[in-house]
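Below is target.csv, which holds CSV, C-alpha atoms.
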```csv
chain,number,residue,atom,x,y,z
A,2,MET,CA,89.4,94.3,89.4
A,3,ASN,CA,92.6,93.5,91.3
A,4,ALA,CA,93.8,90.3,93.0
A,5,VAL,CA,96.6,89.6,95.4
A,6,VAL,CA,99.0,86.9,94.3
A,7,GLY,CA,102.1,86.0,96.3
A,8,GLY,CA,101.9,89.3,98.2
A,9,ARG,CA,101.7,91.4,94.9
A,10,VAL,CA,98.6,93.2,93.7
A,11,ILE,CA,97.9,92.4,90.0
A,12,PHE,CA,95.3,93.7,87.6
A,13,SER,CA,92.6,91.5,86.2
A,14,CYS,CA,90.8,91.7,82.8
A,15,GLU,CA,87.4,93.3,82.9
A,16,SER,CA,86.1,90.9,80.3
A,17,CYS,CA,87.2,87.5,81.5
A,18,ASP,CA,88.8,88.1,84.9
A,19,SER,CA,92.2,86.6,83.8
A,20,ARG,CA,95.4,88.1,84.9
A,21,LEU,CA,96.9,91.1,83.0
A,22,ILE,CA,100.5,91.0,82.0
A,23,LYS,CA,102.5,94.2,81.4
A,24,ARG,CA,103.9,94.0,77.9
A,25,THR,CA,105.5,97.4,77.3
A,26,SER,CA,106.3,100.4,79.4
A,27,THR,CA,107.6,103.7,77.9
A,28,LEU,CA,109.1,106.6,79.8
A,29,VAL,CA,107.0,109.7,79.2
A,30,HIS,CA,109.1,112.0,81.4
A,31,LYS,CA,111.4,111.6,84.4
A,32,TYR,CA,108.6,110.6,86.8
A,33,LEU,CA,105.9,109.1,84.5
A,34,ARG,CA,105.7,105.8,82.6
A,35,ASN,CA,103.0,104.7,80.2
A,36,ASP,CA,102.2,101.0,80.6
A,37,ILE,CA,100.4,98.6,78.2
A,38,TYR,CA,98.8,95.4,79.7
A,39,ILE,CA,97.4,92.4,77.8
A,40,CYS,CA,95.1,89.7,79.1
A,41,GLU,CA,96.9,86.4,79.5
A,42,ASN,CA,93.8,84.5,78.2
A,43,PRO,CA,94.6,83.7,74.5
A,44,LEU,CA,90.8,83.7,73.7
A,45,CYS,CA,90.3,87.2,75.1
A,46,CYS,CA,93.6,89.1,74.4
A,47,ALA,CA,92.1,92.4,75.6
A,48,SER,CA,94.6,95.1,76.1
A,49,TYR,CA,94.7,98.1,78.5
A,50,SER,CA,96.8,101.1,79.0
A,51,GLY,CA,97.7,103.0,82.2
A,52,HIS,CA,100.5,104.9,83.8
A,53,SER,CA,102.9,104.6,86.7
A,54,GLU,CA,103.9,107.8,88.4
A,55,LEU,CA,106.3,108.9,91.1
A,56,THR,CA,104.5,111.6,93.1
A,57,GLY,CA,106.6,112.1,96.2
A,58,ILE,CA,109.8,111.1,98.1
A,59,ALA,CA,109.2,108.8,101.0
A,60,SER,CA,112.7,108.7,102.4
A,61,PRO,CA,116.0,110.4,101.4
A,62,SER,CA,118.9,108.7,99.6
A,63,GLY,CA,121.6,107.1,101.8
A,64,VAL,CA,124.3,108.1,99.3
A,65,PRO,CA,126.5,110.8,101.0
A,66,MET,CA,126.7,113.3,98.1
A,67,ALA,CA,123.3,112.6,96.6
A,68,LEU,CA,121.4,115.4,94.9
A,69,PRO,CA,118.2,116.4,96.7
A,70,SER,CA,115.0,115.1,95.1
A,71,GLU,CA,112.8,117.3,93.0
A,72,LEU,CA,109.7,115.5,94.2
A,73,PRO,CA,107.7,116.8,97.2
A,74,PRO,CA,108.1,115.0,100.4
A,75,THR,CA,105.2,112.6,101.5
A,76,PRO,CA,103.4,113.4,104.7
A,77,SER,CA,105.0,110.5,106.5
A,78,PHE,CA,108.5,111.7,105.4
A,79,LEU,CA,107.7,115.2,106.7
A,80,ARG,CA,106.4,113.7,110.0
A,81,ALA,CA,109.6,111.7,110.4
A,82,GLN,CA,111.8,114.8,109.8
A,83,MET,CA,109.8,116.8,112.3
A,84,GLN,CA,110.2,114.0,114.9
A,85,LEU,CA,113.9,113.9,114.4
A,86,ALA,CA,114.2,117.7,114.7
A,87,TRP,CA,112.1,117.7,117.9
A,88,LYS,CA,114.2,114.9,119.4
A,89,ALA,CA,117.4,116.7,118.5
A,90,GLY,CA,116.1,119.8,120.2
A,91,LYS,CA,115.2,117.9,123.4
A,92,GLY,CA,118.5,116.1,123.6
A,93,TYR,CA,118.4,113.5,126.4
A,94,ILE,CA,115.5,115.2,128.2
A,95,GLN,CA,113.0,113.0,126.4
A,96,LEU,CA,114.1,109.5,125.5
A,97,ASP,CA,112.1,107.2,123.3
A,98,LEU,CA,111.7,103.5,124.0
A,99,LEU,CA,114.7,102.4,121.9
A,100,ASP,CA,117.0,105.0,123.6
A,101,ALA,CA,116.0,103.7,127.0
A,102,ILE,CA,116.8,100.1,126.0
A,103,ASP,CA,120.3,101.2,124.7
A,104,ALA,CA,120.9,103.1,128.0
A,105,VAL,CA,120.0,100.1,130.1
A,106,ARG,CA,122.2,97.8,128.0
A,107,SER,CA,125.2,100.2,128.2
A,108,GLY,CA,124.7,100.4,132.0
A,109,THR,CA,124.0,104.1,132.1
A,110,GLU,CA,120.4,104.5,133.3
A,111,ASN,CA,120.6,108.3,133.3
A,112,PRO,CA,122.3,109.3,130.1
A,113,THR,CA,122.5,113.0,131.2
A,114,ALA,CA,124.7,112.1,134.2
```
As structure tokens, the full file:
Amino acid sequence: MNAVVGGRVIFSCESCDSRLIKRTSTLVHKYLRNDIYICENPLCCASYSGHSELTGIASPSGVPMALPSELPPTPSFLRAQMQLAWKAGKGYIQLDLLDAIDAVRSGTENPTA
């Protein structure tokens, strides 16, 4: 069972429903960690194992000369890339809402003129 505490999702012990605390975490390979959790209830002390895995890239690095990621792009990342490519191909023919606001602020209502 999981609970939300302070905006974070935490795991709960199956036996006593107390919070689980991550005790150790070991790197299995570049994108996979093995985690060990223990129940915070001193009378229970049940322990659990699990893993944390990176499965995809959600946004690219902002570092100028960063190496490309080996992870596959997430669907939302692919959608954002396709929208940018589509918008670049249309130029100023199709403005989005934020482009229109910038054009009004700068005093050029028709950016193609």
Distance in Å - atom CA of Lys23 of chain A versus atom CA of Ile39 of chain A: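 We find that atom CA of Lys23 of chain A and atom CA of Ile39 of chain A lie 6.5 Å from each other.
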Nearest to Glu54 of chain A by atom-to-atom distance, counting all atoms listed in the file, from A:Leu28, A:Ile37, A:Leu68, A:Leu21: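 When distances to Glu54 of chain A are compared using all atoms listed in the file, the smallest one comes from A:Leu28.
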Pairwise distance for atom CA of Ala86 of chain A and atom CA of Pro74 of chain A, rounded to one decimal in Å: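 Computing the Euclidean distance for atom CA of Ala86 of chain A and atom CA of Pro74 of chain A yields 15.8 Å.
Between atom CA of Gln84 of chain A and atom CA of Ser60 of chain A the interatomic distance comes to 13.8 Å.
Residues surrounding Ser26 of chain A within 12 Å are Ile22, Lys23, Val29, Leu33, Arg34, Asn35, Asp36, Ile37, Tyr38, Tyr49, Ser50, Gly51, His52, Ser53 and Glu54 of chain A [only C-alpha atoms; sequence separation below 3 positions excluded].
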Cys17 of chain A environment, 12 Å, only C-alpha atoms, sequence neighbours closer than 5 positions dropped, as a count of residues only: 12
Residue contacts of Glu71 of chain A (12 Å, all atoms listed in the file) excluding same-chain residues fewer than 6 positions away, as a ChimeraX atom specification: /A:31-32,55-58,61
